[in-house]
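The next block is work.cif, given as mmCIF, C-alpha atoms.
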```cif
data_my_file
loop_
_atom_site.group_PDB
_atom_site.id
_atom_site.type_symbol
_atom_site.label_atom_id
_atom_site.label_comp_id
_atom_site.auth_asym_id
_atom_site.auth_seq_id
_atom_site.Cartn_x
_atom_site.Cartn_y
_atom_site.Cartn_z
ATOM 1 C CA SER T 1 0.000 0.000 0.000
ATOM 2 C CA GLN T 2 1.071 3.557 -0.610
ATOM 3 C CA GLU T 3 2.731 5.514 2.166
ATOM 4 C CA LEU T 4 3.609 9.170 2.530
ATOM 5 C CA GLU T 5 6.592 10.165 4.630
ATOM 6 C CA GLN T 6 6.875 13.727 5.855
ATOM 7 C CA SER T 7 9.991 15.436 7.111
ATOM 8 C CA PRO T 8 10.749 16.894 9.478
ATOM 9 C CA GLN T 9 8.290 15.576 12.064
ATOM 10 C CA SER T 10 8.411 18.886 13.894
ATOM 11 C CA LEU T 11 9.985 22.238 13.341
ATOM 12 C CA ILE T 12 10.585 25.297 15.523
ATOM 13 C CA VAL T 13 11.484 28.475 13.680
ATOM 14 C CA GLN T 14 11.955 32.093 14.606
ATOM 15 C CA GLU T 15 9.352 34.463 13.211
ATOM 16 C CA GLY T 16 10.495 35.829 9.875
ATOM 17 C CA LYS T 17 12.538 32.782 8.909
ATOM 18 C CA ASN T 18 11.889 30.614 5.857
ATOM 19 C CA LEU T 19 11.226 26.897 6.127
ATOM 20 C CA THR T 20 10.607 23.836 3.958
ATOM 21 C CA ILE T 21 8.568 20.702 4.624
ATOM 22 C CA ASN T 22 8.948 17.618 2.458
ATOM 23 C CA CYS T 23 6.564 14.814 1.551
ATOM 24 C CA THR T 24 7.785 11.653 -0.190
ATOM 25 C CA SER T 25 5.543 8.954 -1.597
ATOM 26 C CA SER T 26 6.389 5.250 -1.801
ATOM 27 C CA LYS T 27 4.405 4.959 -5.046
ATOM 28 C CA THR T 28 3.375 7.015 -8.052
ATOM 29 C CA LEU T 29 1.510 10.161 -7.125
ATOM 30 C CA TYR T 30 -1.914 10.841 -8.618
ATOM 31 C CA GLY T 31 -2.490 14.243 -7.174
ATOM 32 C CA LEU T 32 -0.831 15.659 -4.072
ATOM 33 C CA TYR T 33 -2.656 17.790 -1.531
ATOM 34 C CA TRP T 34 -1.434 20.027 1.228
ATOM 35 C CA TYR T 35 -3.605 20.731 4.256
ATOM 36 C CA LYS T 36 -3.092 22.708 7.425
ATOM 37 C CA GLN T 37 -4.588 21.606 10.726
ATOM 38 C CA LYS T 38 -4.774 23.562 13.911
ATOM 39 C CA TYR T 39 -4.258 21.300 16.888
ATOM 40 C CA GLY T 40 -7.360 19.149 17.467
ATOM 41 C CA GLU T 41 -9.345 20.751 14.658
ATOM 42 C CA GLY T 42 -10.333 19.961 11.093
ATOM 43 C CA LEU T 43 -8.147 20.253 8.022
ATOM 44 C CA ILE T 44 -7.928 23.389 5.911
ATOM 45 C CA PHE T 45 -7.169 22.843 2.228
ATOM 46 C CA LEU T 46 -4.107 24.779 1.053
ATOM 47 C CA MET T 47 -3.461 23.570 -2.480
ATOM 48 C CA MET T 48 -3.399 20.639 -4.847
ATOM 49 C CA LEU T 49 -0.680 19.670 -7.317
ATOM 50 C CA GLN T 50 -1.326 17.306 -10.197
ATOM 51 C CA LYS T 51 1.463 17.570 -12.712
ATOM 52 C CA GLY T 52 5.178 17.061 -12.405
ATOM 53 C CA GLY T 53 6.978 20.345 -11.972
ATOM 54 C CA GLU T 54 3.791 22.127 -11.015
ATOM 55 C CA GLU T 55 4.217 24.913 -8.500
ATOM 56 C CA LYS T 56 1.456 26.796 -6.707
ATOM 57 C CA SER T 57 1.434 29.611 -4.224
ATOM 58 C CA HIS T 58 -1.026 30.816 -1.634
ATOM 59 C CA GLU T 59 0.003 33.982 0.167
ATOM 60 C CA LYS T 60 3.473 33.173 1.552
ATOM 61 C CA ILE T 61 3.191 29.422 1.048
ATOM 62 C CA THR T 62 4.545 27.738 -2.097
ATOM 63 C CA ALA T 63 4.306 24.055 -2.962
ATOM 64 C CA LYS T 64 6.055 22.153 -5.712
ATOM 65 C CA LEU T 65 5.652 18.632 -7.097
ATOM 66 C CA ASP T 66 8.571 16.553 -8.384
ATOM 67 C CA GLU T 67 6.819 13.647 -10.083
ATOM 68 C CA LYS T 68 10.018 11.735 -10.870
ATOM 69 C CA LYS T 69 11.139 11.784 -7.260
ATOM 70 C CA GLN T 70 7.553 11.167 -6.083
ATOM 71 C CA GLN T 71 8.055 14.091 -3.776
ATOM 72 C CA SER T 72 6.495 17.424 -2.925
ATOM 73 C CA SER T 73 7.889 20.313 -0.925
ATOM 74 C CA LEU T 74 6.052 23.091 0.915
ATOM 75 C CA HIS T 75 7.954 26.300 1.465
ATOM 76 C CA ILE T 76 6.915 29.119 3.786
ATOM 77 C CA THR T 77 8.563 32.486 3.347
ATOM 78 C CA ALA T 78 8.969 34.895 6.261
ATOM 79 C CA SER T 79 7.082 32.717 8.736
ATOM 80 C CA GLN T 80 4.538 34.260 11.098
ATOM 81 C CA PRO T 81 2.894 32.960 14.287
ATOM 82 C CA SER T 82 -0.282 32.403 12.220
ATOM 83 C CA HIS T 83 1.581 29.750 10.221
ATOM 84 C CA ALA T 84 1.880 27.547 13.298
ATOM 85 C CA GLY T 85 0.020 24.250 13.119
ATOM 86 C CA ILE T 86 0.249 20.810 11.588
ATOM 87 C CA TYR T 87 0.925 20.535 7.874
ATOM 88 C CA LEU T 88 -0.318 17.363 6.245
ATOM 89 C CA CYS T 89 0.309 16.084 2.764
ATOM 90 C CA GLY T 90 -2.230 13.778 1.168
ATOM 91 C CA ALA T 91 -2.325 11.795 -2.044
ATOM 92 C CA ASP T 92 -5.012 10.054 -4.059
ATOM 93 C CA SER T 93 -4.821 6.284 -3.946
ATOM 94 C CA ALA T 94 -4.484 4.442 -7.261
ATOM 95 C CA GLY T 95 -8.197 3.638 -7.129
ATOM 96 C CA GLY T 96 -8.940 7.289 -6.599
ATOM 97 C CA PHE T 97 -11.544 6.904 -3.909
ATOM 98 C CA LYS T 98 -9.471 7.722 -0.868
ATOM 99 C CA THR T 99 -6.806 10.125 0.247
ATOM 100 C CA ILE T 100 -3.754 8.811 2.053
ATOM 101 C CA PHE T 101 -2.105 11.177 4.495
ATOM 102 C CA GLY T 102 1.346 11.577 5.906
ATOM 103 C CA ALA T 103 1.828 11.769 9.677
ATOM 104 C CA GLY T 104 2.164 15.546 9.531
ATOM 105 C CA THR T 105 4.797 18.146 10.334
ATOM 106 C CA ARG T 106 4.237 20.174 13.487
ATOM 107 C CA LEU T 107 5.336 23.751 12.982
ATOM 108 C CA PHE T 108 5.977 26.128 15.862
ATOM 109 C CA VAL T 109 6.822 29.766 15.165
ATOM 110 C CA LYS T 110 8.516 31.751 17.919
ATOM 111 C CA ALA T 111 7.572 35.411 18.080
ATOM 112 C CA GLY N 1 -19.378 24.332 5.377
ATOM 113 C CA VAL N 2 -19.096 20.869 6.878
ATOM 114 C CA THR N 3 -20.330 20.415 10.425
ATOM 115 C CA GLN N 4 -19.988 17.504 12.843
ATOM 116 C CA SER N 5 -21.670 16.550 16.075
ATOM 117 C CA PRO N 6 -21.004 16.082 18.852
ATOM 118 C CA THR N 7 -17.762 17.952 19.399
ATOM 119 C CA HIS N 8 -16.597 15.663 22.169
ATOM 120 C CA LEU N 9 -17.791 12.300 23.392
ATOM 121 C CA ILE N 10 -16.781 9.954 26.178
ATOM 122 C CA LYS N 11 -17.775 6.301 26.044
ATOM 123 C CA THR N 12 -16.764 3.125 27.815
ATOM 124 C CA ARG N 13 -15.342 0.000 26.269
ATOM 125 C CA GLY N 14 -17.979 -2.206 24.633
ATOM 126 C CA GLN N 15 -20.462 0.597 24.037
ATOM 127 C CA GLN N 16 -21.728 1.792 20.671
ATOM 128 C CA VAL N 17 -21.432 5.317 19.281
ATOM 129 C CA THR N 18 -22.940 7.304 16.407
ATOM 130 C CA LEU N 19 -21.176 10.341 15.008
ATOM 131 C CA ARG N 20 -22.906 12.720 12.656
ATOM 132 C CA CYS N 21 -21.789 14.885 9.760
ATOM 133 C CA SER N 22 -23.532 17.462 7.633
ATOM 134 C CA SER N 23 -21.880 17.843 4.241
ATOM 135 C CA GLN N 24 -21.429 20.986 2.244
ATOM 136 C CA SER N 25 -24.535 21.609 0.181
ATOM 137 C CA GLY N 26 -24.460 19.932 -3.224
ATOM 138 C CA HIS N 27 -21.664 17.490 -2.383
ATOM 139 C CA ASN N 28 -22.479 13.872 -3.206
ATOM 140 C CA THR N 29 -19.484 12.218 -1.568
ATOM 141 C CA VAL N 30 -18.557 11.937 2.086
ATOM 142 C CA SER N 31 -15.472 10.307 3.522
ATOM 143 C CA TRP N 32 -14.700 9.460 7.131
ATOM 144 C CA TYR N 33 -11.248 9.462 8.663
ATOM 145 C CA GLN N 34 -9.826 8.451 12.026
ATOM 146 C CA GLN N 35 -6.942 10.523 13.346
ATOM 147 C CA ALA N 36 -5.105 9.161 16.363
ATOM 148 C CA LEU N 37 -3.043 11.551 18.442
ATOM 149 C CA GLY N 38 0.151 12.529 16.636
ATOM 150 C CA GLN N 39 -0.810 10.743 13.419
ATOM 151 C CA GLY N 40 -2.259 11.699 10.075
ATOM 152 C CA PRO N 41 -5.893 10.873 9.239
ATOM 153 C CA GLN N 42 -6.566 7.257 8.276
ATOM 154 C CA PHE N 43 -9.278 6.582 5.702
ATOM 155 C CA ILE N 44 -12.220 4.582 7.095
ATOM 156 C CA PHE N 45 -14.678 4.589 4.195
ATOM 157 C CA GLN N 46 -16.348 6.722 1.592
ATOM 158 C CA TYR N 47 -19.980 7.029 0.572
ATOM 159 C CA TYR N 48 -21.064 8.196 -2.849
ATOM 160 C CA ARG N 49 -24.746 8.802 -3.491
ATOM 161 C CA GLU N 50 -25.720 6.812 -0.393
ATOM 162 C CA GLU N 51 -23.648 3.727 -1.187
ATOM 163 C CA GLU N 52 -20.269 2.682 0.185
ATOM 164 C CA ASN N 53 -17.704 3.501 -2.481
ATOM 165 C CA GLY N 54 -14.525 2.249 -0.839
ATOM 166 C CA ARG N 55 -13.199 1.140 2.504
ATOM 167 C CA GLY N 56 -9.909 1.290 4.356
ATOM 168 C CA ASN N 57 -8.450 -1.259 6.769
ATOM 169 C CA PHE N 58 -11.123 -0.980 9.428
ATOM 170 C CA PRO N 59 -13.192 -3.864 10.839
ATOM 171 C CA PRO N 60 -16.916 -4.282 10.084
ATOM 172 C CA ARG N 61 -17.859 -2.826 13.465
ATOM 173 C CA PHE N 62 -17.198 0.515 11.759
ATOM 174 C CA SER N 63 -20.207 1.224 9.570
ATOM 175 C CA GLY N 64 -21.783 4.211 7.958
ATOM 176 C CA LEU N 65 -24.820 5.694 6.332
ATOM 177 C CA GLN N 66 -25.302 8.568 3.944
ATOM 178 C CA PHE N 67 -28.691 10.235 3.594
ATOM 179 C CA PRO N 68 -30.103 12.245 0.691
ATOM 180 C CA ASN N 69 -30.271 15.398 2.789
ATOM 181 C CA ASP N 70 -26.473 15.971 2.881
ATOM 182 C CA SER N 71 -26.130 14.215 6.246
ATOM 183 C CA SER N 72 -24.226 11.077 7.144
ATOM 184 C CA GLU N 73 -23.347 8.911 10.119
ATOM 185 C CA LEU N 74 -20.432 6.886 11.345
ATOM 186 C CA ASN N 75 -21.358 4.046 13.709
ATOM 187 C CA VAL N 76 -18.862 2.149 15.794
ATOM 188 C CA ASN N 77 -19.929 -0.947 17.732
ATOM 189 C CA ALA N 78 -18.140 -2.714 20.574
ATOM 190 C CA LEU N 79 -15.845 0.225 21.277
ATOM 191 C CA GLU N 80 -12.225 -0.510 22.107
ATOM 192 C CA LEU N 81 -9.689 1.687 23.862
ATOM 193 C CA ASP N 82 -7.786 2.129 20.570
ATOM 194 C CA ASP N 83 -10.864 3.731 19.016
ATOM 195 C CA SER N 84 -10.064 6.888 20.968
ATOM 196 C CA ALA N 85 -9.286 9.453 18.288
ATOM 197 C CA LEU N 86 -10.472 12.502 16.369
ATOM 198 C CA TYR N 87 -13.018 11.450 13.747
ATOM 199 C CA LEU N 88 -13.179 13.664 10.692
ATOM 200 C CA CYS N 89 -15.684 13.721 7.903
ATOM 201 C CA ALA N 90 -14.975 15.335 4.569
ATOM 202 C CA SER N 91 -17.308 16.082 1.700
ATOM 203 C CA SER N 92 -16.521 16.534 -1.958
ATOM 204 C CA SER N 93 -18.354 16.654 -5.239
ATOM 205 C CA THR N 94 -16.395 14.173 -7.356
ATOM 206 C CA THR N 95 -14.951 10.691 -7.084
ATOM 207 C CA GLY N 96 -12.703 8.630 -9.284
ATOM 208 C CA ARG N 97 -9.100 8.387 -10.294
ATOM 209 C CA GLY N 98 -7.593 11.565 -11.554
ATOM 210 C CA ALA N 99 -10.612 13.598 -10.625
ATOM 211 C CA TYR N 100 -10.153 16.800 -8.748
ATOM 212 C CA ASN N 101 -10.884 15.689 -5.255
ATOM 213 C CA GLU N 102 -10.725 18.744 -3.032
ATOM 214 C CA GLN N 103 -12.283 17.662 0.210
ATOM 215 C CA PHE N 104 -13.846 20.008 2.722
ATOM 216 C CA PHE N 105 -13.278 18.789 6.253
ATOM 217 C CA GLY N 106 -15.429 19.238 9.293
ATOM 218 C CA PRO N 107 -13.957 20.221 12.677
ATOM 219 C CA GLY N 108 -14.067 16.631 13.906
ATOM 220 C CA THR N 109 -15.509 14.718 16.854
ATOM 221 C CA ARG N 110 -13.107 13.844 19.641
ATOM 222 C CA LEU N 111 -14.013 10.364 20.942
ATOM 223 C CA THR N 112 -12.533 9.088 24.174
ATOM 224 C CA VAL N 113 -13.060 5.448 25.131
ATOM 225 C CA LEU N 114 -12.462 4.586 28.783
#
```
Can you present the structure in this file as structure tokens?
Amino acid sequence: SQELEQSPQSLIVQEGKNLTINCTSSKTLYGLYWYKQKYGEGLIFLMMLQKGGEEKSHEKITAKLDEKKQQSSLHITASQPSHAGIYLCGADSAGGFKTIFGAGTRLFVKA
Amino acid sequence: GVTQSPTHLIKTRGQQVTLRCSSQSGHNTVSWYQQALGQGPQFIFQYYREEENGRGNFPPRFSGLQFPNDSSELNVNALELDDSALYLCASSSTTGRGAYNEQFFGPGTRLTVL
């Protein structure tokens, strides 16, 4: 079965610093999603990537998909306390009916 | 948006529980996920137009229903301690491989089994 590995597991950064979170799939990716979750709450959709090399941005968050490496990266520029939370990557299964998630990266931003 | 009830729930081992979800209007697909503490969500099952469309690695004591009025239920029988988790429902308007599958998640129900 497909697995998604996220790194790092947790991250503490000083406000204003840039950071990158990685998500690597054990199998071919058919769509890669990034979500943000505040602790104990539901998931907020950030963006979806479908094609190799595709790059999308939302405010100060940019995500890129490397289809050959079966990997996606999420980059936050000039981090703010509002960026704190859990970032989850998800991918469509081969059958397409379910989304598989990584374990998440816990981001803490120090003011 | 997607709403879930109740917000929190405490049950004892062996009991049965029903969790409810109200999908975003117009969405014909609802998926349920279990998220244990410190883990990512694990897919339980998906319902499409009131029929189960796919299932993850969960035993039959996890069952569901989807109703025509944008509501759905997750039922868990014979609760075990390991069922303690955040249960999330997500609604979307498409299914199928390669389809755009943006899911809108509810805030979740926190279930504690003692």
I'd like the contact shell of stretch 22-31 of chain N - 9 Å cut-off, only C-alpha atoms, skipping same-chain residues fewer than 4 positions apart - returned as a short mmCIF file (atom, residue, chain, number, x, y, z; two decimals) with C-alpha atoms, in the frame of the given file.
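result.cif, freshly written:
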```cif
data_model
loop_
_atom_site.label_atom_id
_atom_site.label_comp_id
_atom_site.auth_asym_id
_atom_site.auth_seq_id
_atom_site.Cartn_x
_atom_site.Cartn_y
_atom_site.Cartn_z
CA LYS T 98 -9.47 7.72 -0.87
CA GLY N 1 -19.38 24.33 5.38
CA VAL N 2 -19.10 20.87 6.88
CA THR N 3 -20.33 20.42 10.42
CA GLN N 4 -19.99 17.50 12.84
CA SER N 5 -21.67 16.55 16.08
CA PHE N 43 -9.28 6.58 5.70
CA ILE N 44 -12.22 4.58 7.10
CA PHE N 45 -14.68 4.59 4.20
CA GLN N 46 -16.35 6.72 1.59
CA TYR N 47 -19.98 7.03 0.57
CA TYR N 48 -21.06 8.20 -2.85
CA ARG N 49 -24.75 8.80 -3.49
CA GLU N 50 -25.72 6.81 -0.39
CA ASN N 53 -17.70 3.50 -2.48
CA GLN N 66 -25.30 8.57 3.94
CA PRO N 68 -30.10 12.24 0.69
CA ASN N 69 -30.27 15.40 2.79
CA ASP N 70 -26.47 15.97 2.88
CA SER N 71 -26.13 14.22 6.25
CA SER N 72 -24.23 11.08 7.14
CA GLU N 73 -23.35 8.91 10.12
CA LEU N 88 -13.18 13.66 10.69
CA CYS N 89 -15.68 13.72 7.90
CA ALA N 90 -14.98 15.34 4.57
CA SER N 91 -17.31 16.08 1.70
CA SER N 92 -16.52 16.53 -1.96
CA SER N 93 -18.35 16.65 -5.24
CA THR N 94 -16.40 14.17 -7.36
CA THR N 95 -14.95 10.69 -7.08
CA GLN N 103 -12.28 17.66 0.21
CA PHE N 104 -13.85 20.01 2.72
CA PHE N 105 -13.28 18.79 6.25
CA GLY N 106 -15.43 19.24 9.29
#
```
**Request:** Determine the residue set returned by the PyMOL selection byres ((chain T) within 8 of (chain N)) for the present structure, and present it as number ranges by chain.
**Result:** T: 30-31, 40-45, 48, 88, 92-104
**Message:** List as a count of residues only the protein and nucleic acid residues near stretch 4-16 of chain T, meaning an atom at most 8 Å away when all atoms listed in the file are counted, but skip any in the same chain fewer than 4 places from it.
**Reply:** 26
**Message:** Nearest residue to T:Gln70 out of T:Gln37, T:Ser1, T:Asn18, T:Gln50, using all atoms listed in the file?
**Reply:**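 Ranked by minimum distance to T:Gln70, first place goes to T:Gln50.
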**Item:** Gap from atom CA of T:Glu67 to atom CA of T:Leu49 - Å, one decimal
**Value:**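 These atoms are spaced 10.0 Å apart.
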**Request:** Provide the atom CA of T:Ile76 to atom CA of T:His58 distance in Å, to one decimal place.
**Result:**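 According to the coordinates, atom CA of T:Ile76 and atom CA of T:His58 are separated by 9.8 Å.
Atom CA of N:Thr12 is found 8.2 Å from atom CA of N:Thr112.
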**Request:** Could you list the residues chosen by the PyMOL selection byres ((chain N and resi 13) around 8) in this structure as an MDAnalysis selection string?
**Result:** chainID N and resid 11:12 14:15 78:81 113:114
**Chain and number of each residue from the PyMOL selection byres ((chain N and resi 61) around 10), as a list in words** =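 When the PyMOL selection byres ((chain N and resi 61) around 10) is applied to the shown file, the picked residues are Gln16, Phe58, Pro59, Pro60, Phe62, Ser63, Gly64, Asn75, Val76, Asn77, Ala78 and Leu79 of chain N.
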As a JSON list (two decimals), keeping the file's coordinate frame, could you write out stretch 86-105 of chain T once it has been completed with N, CA and C atoms?
```
[["chain", "number", "residue", "atom", "x", "y", "z"],
["T", 86, "ILE", "N", -0.21, 22.08, 12.15],
["T", 86, "ILE", "CA", 0.25, 20.81, 11.59],
["T", 86, "ILE", "C", 0.01, 20.85, 10.09],
["T", 87, "TYR", "N", 1.04, 20.57, 9.33],
["T", 87, "TYR", "CA", 0.92, 20.54, 7.87],
["T", 87, "TYR", "C", 0.90, 19.07, 7.43],
["T", 88, "LEU", "N", -0.12, 18.74, 6.69],
["T", 88, "LEU", "CA", -0.32, 17.36, 6.24],
["T", 88, "LEU", "C", -0.30, 17.30, 4.72],
["T", 89, "CYS", "N", 0.42, 16.33, 4.20],
["T", 89, "CYS", "CA", 0.31, 16.08, 2.76],
["T", 89, "CYS", "C", -0.60, 14.88, 2.57],
["T", 90, "GLY", "N", -1.33, 14.87, 1.49],
["T", 90, "GLY", "CA", -2.23, 13.78, 1.17],
["T", 90, "GLY", "C", -2.11, 13.45, -0.30],
["T", 91, "ALA", "N", -2.40, 12.21, -0.65],
["T", 91, "ALA", "CA", -2.33, 11.80, -2.04],
["T", 91, "ALA", "C", -3.48, 10.87, -2.38],
["T", 92, "ASP", "N", -3.96, 10.97, -3.61],
["T", 92, "ASP", "CA", -5.01, 10.05, -4.06],
["T", 92, "ASP", "C", -4.44, 8.66, -4.18],
["T", 93, "SER", "N", -5.22, 7.66, -3.74],
["T", 93, "SER", "CA", -4.82, 6.28, -3.95],
["T", 93, "SER", "C", -4.99, 5.95, -5.42],
["T", 94, "ALA", "N", -4.40, 4.83, -5.86],
["T", 94, "ALA", "CA", -4.48, 4.44, -7.26],
["T", 94, "ALA", "C", -5.93, 4.27, -7.71],
["T", 95, "GLY", "N", -6.78, 3.80, -6.80],
["T", 95, "GLY", "CA", -8.20, 3.64, -7.13],
["T", 95, "GLY", "C", -8.94, 4.95, -7.16],
["T", 96, "GLY", "N", -8.37, 5.96, -6.54],
["T", 96, "GLY", "CA", -8.94, 7.29, -6.60],
["T", 96, "GLY", "C", -10.01, 7.59, -5.60],
["T", 97, "PHE", "N", -10.41, 6.62, -4.78],
["T", 97, "PHE", "CA", -11.54, 6.90, -3.91],
["T", 97, "PHE", "C", -11.13, 7.33, -2.51],
["T", 98, "LYS", "N", -9.85, 7.31, -2.20],
["T", 98, "LYS", "CA", -9.47, 7.72, -0.87],
["T", 98, "LYS", "C", -8.19, 8.55, -0.92],
["T", 99, "THR", "N", -8.02, 9.34, 0.11],
["T", 99, "THR", "CA", -6.81, 10.12, 0.25],
["T", 99, "THR", "C", -5.98, 9.52, 1.37],
["T", 100, "ILE", "N", -4.71, 9.31, 1.08],
["T", 100, "ILE", "CA", -3.75, 8.81, 2.05],
["T", 100, "ILE", "C", -2.98, 10.00, 2.58],
["T", 101, "PHE", "N", -2.79, 10.04, 3.89],
["T", 101, "PHE", "CA", -2.10, 11.18, 4.50],
["T", 101, "PHE", "C", -0.77, 10.78, 5.11],
["T", 102, "GLY", "N", 0.14, 11.74, 5.13],
["T", 102, "GLY", "CA", 1.35, 11.58, 5.91],
["T", 102, "GLY", "C", 1.03, 11.82, 7.37],
["T", 103, "ALA", "N", 2.03, 11.62, 8.23],
["T", 103, "ALA", "CA", 1.83, 11.77, 9.68],
["T", 103, "ALA", "C", 1.80, 13.23, 10.10],
["T", 104, "GLY", "N", 2.23, 14.13, 9.21],
["T", 104, "GLY", "CA", 2.16, 15.55, 9.53],
["T", 104, "GLY", "C", 3.48, 16.11, 10.02],
["T", 105, "THR", "N", 3.65, 17.40, 9.81],
["T", 105, "THR", "CA", 4.80, 18.15, 10.33],
["T", 105, "THR", "C", 4.25, 19.23, 11.25]]
```
